[in-house]
file protein_39.cif (mmCIF, C-alpha atoms)
data_upload
#
loop_
_atom_site.label_atom_id
_atom_site.label_comp_id
_atom_site.auth_asym_id
_atom_site.auth_seq_id
_atom_site.Cartn_x
_atom_site.Cartn_y
_atom_site.Cartn_z
CA LYS A 1389 87.47 -1.14 201.41
CA GLY A 1390 85.89 -0.29 204.74
CA VAL A 1391 83.54 -3.29 204.95
CA ALA A 1392 85.55 -5.01 207.71
CA THR A 1393 89.17 -5.65 208.56
CA VAL A 1394 91.03 -8.67 207.24
CA GLU A 1395 91.32 -9.95 210.81
CA GLU A 1396 87.57 -9.63 211.42
CA LEU A 1397 86.77 -11.45 208.19
CA GLN A 1398 89.26 -14.22 208.93
CA GLU A 1399 87.81 -14.65 212.42
CA ALA A 1400 84.27 -14.87 211.05
CA ALA A 1401 85.34 -17.32 208.34
CA ALA A 1402 87.19 -19.52 210.82
CA ASN A 1403 84.78 -19.64 213.72
CA HIS A 1404 81.23 -18.76 212.72
CA ASP A 1405 79.08 -21.84 212.07
CA TYR A 1406 77.26 -20.82 208.88
CA ALA A 1407 74.03 -22.74 208.30
CA PHE A 1408 74.76 -24.22 204.87
CA SER A 1409 74.68 -27.94 204.18
CA PHE A 1410 77.87 -27.81 202.09
CA LEU A 1411 79.85 -26.56 205.14
CA GLN A 1412 78.57 -28.97 207.78
CA ASP A 1413 81.41 -31.48 207.47
CA ILE A 1414 84.17 -28.84 207.48
CA PRO A 1415 85.50 -28.21 211.00
CA LEU A 1416 85.69 -24.72 212.49
CA GLY A 1417 88.94 -23.06 213.46
CA ASP A 1418 90.71 -22.19 210.18
CA TYR A 1419 89.53 -19.44 207.86
CA HIS A 1420 90.64 -21.51 204.86
CA ARG A 1421 87.59 -23.70 205.56
CA LEU A 1422 85.53 -21.43 203.27
CA GLU A 1423 87.95 -21.63 200.37
CA GLY A 1424 86.06 -22.68 197.26
CA TYR A 1425 82.71 -21.38 198.54
CA LEU A 1426 83.12 -17.58 198.37
CA MET A 1427 81.96 -17.05 194.83
CA PRO A 1428 83.50 -14.15 192.91
CA SER A 1429 80.91 -11.58 191.85
CA THR A 1430 80.03 -7.93 192.47
CA TYR A 1431 78.59 -7.34 195.92
CA GLU A 1432 77.31 -4.21 197.64
CA PHE A 1433 77.93 -3.68 201.37
CA TYR A 1434 77.30 -1.03 203.96
CA THR A 1435 80.52 0.27 205.50
CA PRO A 1436 81.31 -0.84 208.05
CA HIS A 1437 79.48 -4.17 207.79
CA ASP A 1438 79.19 -7.04 210.22
CA PRO A 1439 81.85 -9.51 208.96
CA VAL A 1440 79.59 -12.52 209.57
CA TYR A 1441 76.85 -10.96 207.43
CA ALA A 1442 79.35 -9.91 204.76
CA ILE A 1443 80.66 -13.46 204.36
CA ASN A 1444 77.13 -14.84 204.56
CA LYS A 1445 76.19 -12.73 201.53
CA LEU A 1446 78.86 -14.49 199.46
CA LEU A 1447 77.78 -17.90 200.72
CA VAL A 1448 74.13 -17.20 199.95
CA TYR A 1449 75.08 -16.33 196.37
CA PHE A 1450 77.16 -19.51 196.05
CA ASP A 1451 74.25 -21.54 197.40
CA SER A 1452 71.84 -19.97 194.91
CA MET A 1453 74.12 -20.51 191.90
CA VAL A 1454 75.70 -23.90 192.63
CA THR A 1455 72.81 -26.32 192.93
CA ASP A 1456 73.01 -29.73 194.59
CA ASP A 1457 73.29 -31.33 191.14
CA ILE A 1458 76.23 -29.12 190.20
CA ARG A 1459 77.91 -29.76 193.57
CA ALA A 1460 77.63 -33.50 193.05
CA GLN A 1461 79.23 -33.20 189.61
CA VAL A 1462 82.14 -31.01 190.69
CA GLU A 1463 82.97 -32.85 193.90
CA GLU A 1464 85.87 -34.68 192.24
CA THR A 1465 87.03 -31.95 189.87
CA GLY A 1466 89.89 -29.45 189.91
CA TYR A 1467 87.74 -26.45 189.17
CA SER A 1468 89.50 -23.99 191.48
CA MET A 1469 92.77 -24.57 189.63
CA ILE A 1470 91.03 -23.56 186.42
CA GLU A 1471 90.05 -20.25 188.03
CA ARG A 1472 93.67 -19.51 189.00
CA GLU A 1473 95.23 -20.61 185.71
CA THR A 1474 93.13 -18.83 183.11
CA ASP A 1475 92.64 -15.31 181.78
CA GLY A 1476 89.04 -16.32 181.04
CA SER A 1477 89.45 -17.25 177.37
CA ASP A 1478 90.55 -20.88 177.66
CA ARG A 1479 88.91 -22.41 180.73
CA GLU A 1480 87.57 -25.44 178.85
CA GLU A 1481 90.97 -26.23 177.31
CA ILE A 1482 92.73 -25.99 180.68
CA ALA A 1483 90.03 -28.24 182.12
CA SER A 1484 90.73 -30.74 179.34
CA VAL A 1485 94.43 -30.87 180.27
CA ILE A 1486 93.53 -31.55 183.92
CA TYR A 1487 91.07 -34.28 182.94
CA ASN A 1488 93.50 -35.89 180.48
CA ARG A 1489 96.21 -36.06 183.13
CA LEU A 1490 93.81 -37.50 185.71
CA GLU A 1491 92.28 -40.03 183.33
CA HIS A 1492 95.64 -41.21 181.91
CA PRO A 1493 97.87 -41.37 185.00
CA GLU A 1494 100.40 -43.65 183.30
CA GLY A 1495 100.99 -41.29 180.36
CA GLU A 1496 103.78 -38.78 179.90
CA THR A 1497 102.80 -36.87 183.03
CA VAL A 1498 102.36 -40.00 185.22
CA GLY A 1499 99.34 -38.49 186.94
CA LEU A 1500 101.06 -35.26 188.02
CA LEU A 1501 98.93 -32.20 187.24
CA GLN A 1502 101.92 -29.81 187.49
CA ILE A 1503 99.72 -26.73 187.95
CA ASP A 1504 101.76 -23.62 188.81
CA ALA A 1505 98.79 -22.07 190.61
CA THR A 1506 99.12 -24.74 193.31
CA LEU A 1507 102.74 -23.66 193.89
CA ALA A 1508 101.60 -20.06 194.28
CA TYR A 1509 99.01 -21.26 196.77
CA ILE A 1510 101.63 -22.86 199.01
CA ASN A 1511 104.35 -20.20 198.62
CA GLY A 1512 102.13 -17.35 199.76
CA GLY A 1513 101.07 -16.05 196.36
CA LYS A 1514 104.50 -15.34 194.88
CA VAL A 1515 105.42 -16.14 191.27
CA PRO A 1516 106.38 -19.84 191.40
CA THR A 1517 110.05 -20.74 191.06
CA GLU A 1518 111.84 -23.97 190.27
CA ALA A 1519 112.64 -24.32 193.99
CA ASP A 1520 108.93 -24.25 194.86
CA LYS A 1521 108.49 -27.57 193.07
CA ALA A 1522 110.38 -29.21 195.96
CA ILE A 1523 108.04 -27.88 198.70
CA ASP A 1524 106.61 -30.93 200.47
CA SER A 1525 102.91 -30.09 200.58
CA PRO A 1526 99.86 -32.13 199.56
CA TYR A 1527 98.95 -29.11 197.42
CA ASN A 1528 102.15 -29.45 195.38
CA THR A 1529 100.89 -30.97 192.13
CA TYR A 1530 104.48 -31.33 190.89
CA MET A 1531 105.19 -33.72 193.77
CA TYR A 1532 101.86 -35.45 194.45
CA LYS A 1533 99.61 -37.08 191.89
CA GLY A 1534 96.00 -36.15 191.35
CA LEU A 1535 93.98 -33.29 192.75
CA PRO A 1536 95.05 -31.30 195.80
CA PRO A 1537 93.11 -32.08 199.00
CA ALA A 1538 90.91 -28.95 198.85
CA PRO A 1539 90.23 -25.90 196.65
CA ILE A 1540 93.02 -23.36 196.13
CA ALA A 1541 90.72 -20.48 195.16
CA ASN A 1542 87.11 -19.40 194.97
CA PRO A 1543 85.92 -20.32 191.48
CA GLY A 1544 83.27 -18.44 189.58
CA MET A 1545 80.48 -20.15 187.67
CA GLU A 1546 82.47 -20.03 184.41
CA ALA A 1547 85.29 -22.09 185.93
CA ILE A 1548 82.83 -24.50 187.53
CA MET A 1549 81.01 -25.04 184.25
CA ALA A 1550 84.31 -25.48 182.40
CA ALA A 1551 85.18 -28.26 184.84
CA LEU A 1552 81.85 -29.92 184.09
CA GLU A 1553 82.13 -29.45 180.32
CA PRO A 1554 85.80 -29.48 179.30
CA THR A 1555 86.73 -29.37 175.65
CA ASP A 1556 87.42 -32.86 174.26
CA THR A 1557 91.14 -32.72 173.43
CA SER A 1558 94.27 -34.84 173.60
CA TYR A 1559 96.25 -32.02 175.25
CA PHE A 1560 98.55 -32.84 178.15
CA TYR A 1561 100.51 -29.58 178.28
CA TYR A 1562 100.08 -25.85 178.01
CA ALA A 1563 102.30 -22.80 178.38
CA LEU A 1564 101.91 -19.05 178.33
CA GLY A 1565 103.49 -17.60 175.21
CA ASP A 1566 105.07 -14.25 174.49
CA ASP A 1567 101.63 -13.20 173.23
CA ASN A 1568 100.22 -13.71 176.77
CA LEU A 1569 97.98 -16.52 175.51
CA HIS A 1570 98.07 -20.16 176.55
CA HIS A 1571 99.21 -22.58 173.86
CA PHE A 1572 98.26 -26.26 174.15
CA PHE A 1573 100.23 -29.39 173.19
CA ASN A 1574 99.80 -33.14 172.98
CA THR A 1575 103.40 -34.09 173.78
CA TYR A 1576 106.30 -32.87 175.90
CA ASP A 1577 108.47 -32.50 172.78
CA GLN A 1578 105.90 -30.13 171.26
CA LEU A 1579 105.86 -28.13 174.48
CA GLN A 1580 109.65 -27.88 174.60
CA SER A 1581 109.85 -26.84 170.95
CA PHE A 1582 107.38 -24.05 171.68
CA LEU A 1583 109.18 -22.91 174.84
CA ASN A 1584 112.50 -22.76 172.98
CA SER A 1585 110.88 -20.36 170.49
CA GLN A 1586 109.70 -17.92 173.15
CA GLU A 1587 111.73 -14.99 174.42
CA ARG A 1588 110.37 -15.23 177.95
CA TYR A 1589 111.90 -18.71 178.36
CA LYS A 1590 115.36 -17.86 176.97
#

call {"tool": "encode", "arguments": {"input": "protein_39.cif", "output": "structure tokens"}}
result
Amino acid sequence: KGVATVEELQEAAANHDYAFSFLQDIPLGDYHRLEGYLMPSTYEFYTPHDPVYAINKLLVYFDSMVTDDIRAQVEETGYSMIERETDGSDREEIASVIYNRLEHPEGETVGLLQIDATLAYINGGKVPTEADKAIDSPYNTYMYKGLPPAPIANPGMEAIMAALEPTDTSYFYYALGDDNLHHFFNTYDQLQSFLNSQERYK
């Protein structure tokens, strides 16, 4: 949009040493280092804008919104997956599925989160396919148990708060229905029964 080029922003993200405590242990060199810290919001920029200052504006907002207490609470959560999985209406329920799978690793899902958004993260943003589940990446939550090694998106405050305050459920599964809403289930059999009733899965 005329603020800066993608290349300029990636260079600034990768190599500028921003003076925020939450970035001090993250090495320079890869623009993905800021993933999870560029908080979605509405920002105003001059055009063109110095890319370092543009990114700094997002980091300043993150720093003002996500206090040290909140950071401590979300350090072990999967909040960025919530951001990528929801339409905004069911963050707390999706968070509950993630927590239930993490807290009961010997249950039906054996600790696998099986979040499609992580497949999209490793396949370059394409709609995930069955073949993507075989990609050997630590971000593949169909292959590796628990949380991925780092954020897969930049979560807003709603997703962060949903991770801190998930709905108390016994859900282990969810699927997007023909109505474009997520439906939640306690067992795999319930999930399969629902999927068999949906046109998009036939």

call {"tool": "resolve_selection", "arguments": {"input": "protein_39.cif", "expression": "the PyMOL selection byres ((chain A and resi 1539) around 9)", "output": "PyMOL selection string"}}
result
chain A and resi 1423-1425+1466-1469+1536-1538+1540-1543

call {"tool": "residues_around", "arguments": {"input": "protein_39.cif", "residues": "stretch 1445-1448 of chain A", "least_positions_apart": "6", "cutoff": "9 Å", "atoms": "only C-alpha atoms", "output": "PyMOL selection string"}}
result
chain A and resi 1406+1408+1422+1425-1429+1431

call {"tool": "closest_residue", "arguments": {"input": "protein_39.cif", "among": "A:Met1549, A:Ala1522, A:Ile1503, A:Ala1392", "to": "A:Tyr1561", "atoms": "all atoms listed in the file"}}
result
A:Ile1503

call {"tool": "residues_around", "arguments": {"input": "protein_39.cif", "residues": "A:Leu1507", "least_positions_apart": "5", "cutoff": "9 Å", "atoms": "all atoms listed in the file", "output": "list in words"}}
result
Gln1502, Gly1512, Gly1513, Lys1514, Val1515, Pro1516, Thr1517, Asp1520, Lys1521, Ile1523, Tyr1527, Asn1528, Thr1529 and Tyr1530 of chain A

call {"tool": "resolve_selection", "arguments": {"input": "protein_39.cif", "expression": "the PyMOL selection byres ((chain A and resi 1546) around 10)", "output": "list in words"}}
result
Tyr1467, Ile1470, Glu1471, Gly1476, Arg1479, Glu1480, Pro1543, Gly1544, Met1545, Ala1547, Ile1548, Met1549, Ala1550, Ala1551 and Leu1552 of chain A

call {"tool": "closest_residue", "arguments": {"input": "protein_39.cif", "among": "A:Val1498, A:Leu1397, A:Ile1510, A:Ile1458", "to": "A:Ile1443", "atoms": "all atoms listed in the file"}}
result
A:Leu1397

call {"tool": "resolve_selection", "arguments": {"input": "protein_39.cif", "expression": "the PyMOL selection byres ((chain A and resi 1435-1437) around 10)", "output": "PDB file with C-alpha atoms, keeping the file's coordinate frame"}}
result
ATOM      1  CA  LYS A1389      87.470  -1.140 201.410  1.00  0.00           C
ATOM      2  CA  GLY A1390      85.890  -0.290 204.740  1.00  0.00           C
ATOM      3  CA  VAL A1391      83.540  -3.290 204.950  1.00  0.00           C
ATOM      4  CA  ALA A1392      85.550  -5.010 207.710  1.00  0.00           C
ATOM      5  CA  THR A1393      89.170  -5.650 208.560  1.00  0.00           C
ATOM      6  CA  GLU A1432      77.310  -4.210 197.640  1.00  0.00           C
ATOM      7  CA  PHE A1433      77.930  -3.680 201.370  1.00  0.00           C
ATOM      8  CA  TYR A1434      77.300  -1.030 203.960  1.00  0.00           C
ATOM      9  CA  ASP A1438      79.190  -7.040 210.220  1.00  0.00           C
ATOM     10  CA  PRO A1439      81.850  -9.510 208.960  1.00  0.00           C
ATOM     11  CA  VAL A1440      79.590 -12.520 209.570  1.00  0.00           C
ATOM     12  CA  TYR A1441      76.850 -10.960 207.430  1.00  0.00           C
ATOM     13  CA  ALA A1442      79.350  -9.910 204.760  1.00  0.00           C
ATOM     14  CA  ILE A1443      80.660 -13.460 204.360  1.00  0.00           C
TER      15      ILE A1443
END

call {"tool": "closest_residue", "arguments": {"input": "protein_39.cif", "among": "A:Ser1581, A:Gln1586, A:Ser1558, A:Asn1568", "to": "A:Ser1484", "atoms": "only C-alpha atoms"}}
result
A:Ser1558

call {"tool": "closest_residue", "arguments": {"input": "protein_39.cif", "among": "A:Val1394, A:Ile1486, A:Ala1563, A:Leu1416", "to": "A:Gln1578", "atoms": "all atoms listed in the file"}}
result
A:Ala1563

call {"tool": "atom_distance", "arguments": {"input": "protein_39.cif", "atom1": "atom CA of A:Thr1575", "atom2": "atom CA of A:Thr1557"}}
result
12.3 Å

call {"tool": "closest_residue", "arguments": {"input": "protein_39.cif", "among": "A:Tyr1562, A:Phe1450, A:Tyr1487, A:Tyr1589", "to": "A:Asp1504", "atoms": "all atoms listed in the file"}}
result
A:Tyr1562

call {"tool": "atom_distance", "arguments": {"input": "protein_39.cif", "atom1": "atom CA of A:Gly1534", "atom2": "atom CA of A:Gly1499"}}
result
6.0 Å

call {"tool": "atom_distance", "arguments": {"input": "protein_39.cif", "atom1": "atom CA of A:Thr1455", "atom2": "atom CA of A:Asp1405"}}
result
20.6 Å

call {"tool": "closest_residue", "arguments": {"input": "protein_39.cif", "among": "A:Pro1415, A:Asn1584, A:Phe1560, A:Ala1400", "to": "A:His1492", "atoms": "all atoms listed in the file"}}
result
A:Phe1560

call {"tool": "build_atoms", "arguments": {"input": "protein_39.cif", "residues": "stretch 1556-1567 of chain A", "atoms": "all heavy atoms", "output": "tab-separated table (two decimals), keeping the file's coordinate frame"}}
result
chain	number	residue	atom	x	y	z
A	1556	ASP	N	86.90	-31.51	174.51
A	1556	ASP	CA	87.42	-32.86	174.26
A	1556	ASP	C	88.71	-32.72	173.45
A	1556	ASP	O	88.66	-32.45	172.25
A	1556	ASP	CB	86.38	-33.69	173.52
A	1556	ASP	CG	86.83	-35.13	173.35
A	1556	ASP	OD1	87.83	-35.52	173.98
A	1556	ASP	OD2	86.18	-35.87	172.59
A	1557	THR	N	89.85	-32.87	174.11
A	1557	THR	CA	91.14	-32.72	173.43
A	1557	THR	C	92.06	-33.88	173.82
A	1557	THR	O	91.74	-34.67	174.71
A	1557	THR	CB	91.85	-31.41	173.83
A	1557	THR	OG1	92.38	-31.56	175.15
A	1557	THR	CG2	90.90	-30.21	173.76
A	1558	SER	N	93.22	-33.91	173.20
A	1558	SER	CA	94.27	-34.84	173.60
A	1558	SER	C	95.45	-34.07	174.19
A	1558	SER	O	96.57	-34.56	174.22
A	1558	SER	CB	94.73	-35.68	172.39
A	1558	SER	OG	95.11	-34.84	171.33
A	1559	TYR	N	95.20	-32.85	174.67
A	1559	TYR	CA	96.25	-32.02	175.25
A	1559	TYR	C	96.68	-32.54	176.62
A	1559	TYR	O	95.85	-32.89	177.46
A	1559	TYR	CB	95.78	-30.57	175.42
A	1559	TYR	CG	95.39	-29.86	174.16
A	1559	TYR	CD1	94.32	-28.97	174.16
A	1559	TYR	CD2	96.08	-30.05	172.97
A	1559	TYR	CE1	93.95	-28.29	173.01
A	1559	TYR	CE2	95.72	-29.37	171.82
A	1559	TYR	CZ	94.65	-28.49	171.84
A	1559	TYR	OH	94.28	-27.83	170.72
A	1560	PHE	N	98.00	-32.52	176.84
A	1560	PHE	CA	98.55	-32.84	178.15
A	1560	PHE	C	99.39	-31.69	178.70
A	1560	PHE	O	99.81	-31.73	179.85
A	1560	PHE	CB	99.42	-34.10	178.07
A	1560	PHE	CG	98.64	-35.37	178.14
A	1560	PHE	CD1	98.04	-35.89	176.99
A	1560	PHE	CD2	98.47	-36.05	179.33
A	1560	PHE	CE1	97.30	-37.06	177.04
A	1560	PHE	CE2	97.74	-37.22	179.39
A	1560	PHE	CZ	97.15	-37.73	178.25
A	1561	TYR	N	99.64	-30.68	177.88
A	1561	TYR	CA	100.51	-29.58	178.28
A	1561	TYR	C	99.97	-28.26	177.79
A	1561	TYR	O	99.28	-28.21	176.76
A	1561	TYR	CB	101.92	-29.76	177.69
A	1561	TYR	CG	102.58	-31.06	178.07
A	1561	TYR	CD1	102.46	-32.19	177.25
A	1561	TYR	CD2	103.33	-31.17	179.24
A	1561	TYR	CE1	103.06	-33.39	177.59
A	1561	TYR	CE2	103.93	-32.37	179.59
A	1561	TYR	CZ	103.79	-33.46	178.77
A	1561	TYR	OH	104.38	-34.65	179.12
A	1562	TYR	N	100.32	-27.20	178.50
A	1562	TYR	CA	100.08	-25.85	178.01
A	1562	TYR	C	101.11	-24.91	178.59
A	1562	TYR	O	101.72	-25.19	179.64
A	1562	TYR	CB	98.66	-25.36	178.30
A	1562	TYR	CG	98.27	-25.27	179.74
A	1562	TYR	CD1	98.45	-24.11	180.49
A	1562	TYR	CD2	97.67	-26.36	180.38
A	1562	TYR	CE1	98.07	-24.03	181.81
A	1562	TYR	CE2	97.28	-26.28	181.71
A	1562	TYR	CZ	97.49	-25.12	182.42
A	1562	TYR	OH	97.11	-25.04	183.73
A	1563	ALA	N	101.34	-23.80	177.90
A	1563	ALA	CA	102.30	-22.80	178.38
A	1563	ALA	C	101.85	-21.44	177.90
A	1563	ALA	O	101.20	-21.30	176.85
A	1563	ALA	CB	103.70	-23.11	177.84
A	1564	LEU	N	102.21	-20.43	178.68
A	1564	LEU	CA	101.91	-19.05	178.33
A	1564	LEU	C	102.98	-18.55	177.38
A	1564	LEU	O	104.17	-18.60	177.69
A	1564	LEU	CB	101.86	-18.19	179.60
A	1564	LEU	CG	101.25	-16.81	179.47
A	1564	LEU	CD1	99.77	-16.90	179.12
A	1564	LEU	CD2	101.44	-16.04	180.77
A	1565	GLY	N	102.55	-18.07	176.21
A	1565	GLY	CA	103.49	-17.60	175.21
A	1565	GLY	C	103.82	-16.13	175.35
A	1565	GLY	O	103.28	-15.42	176.20
A	1566	ASP	N	104.71	-15.66	174.50
A	1566	ASP	CA	105.07	-14.25	174.49
A	1566	ASP	C	103.87	-13.37	174.17
A	1566	ASP	O	103.86	-12.17	174.47
A	1566	ASP	CB	106.16	-13.99	173.44
A	1566	ASP	CG	107.50	-14.62	173.84
A	1566	ASP	OD1	107.72	-14.83	175.05
A	1566	ASP	OD2	108.30	-14.90	172.94
A	1567	ASP	N	102.84	-13.95	173.57
A	1567	ASP	CA	101.63	-13.20	173.23
A	1567	ASP	C	100.65	-13.14	174.38
A	1567	ASP	O	99.53	-12.65	174.24
A	1567	ASP	CB	100.95	-13.82	172.00
A	1567	ASP	CG	100.64	-15.30	172.18
A	1567	ASP	OD1	100.88	-15.85	173.30
A	1567	ASP	OD2	100.17	-15.93	171.22
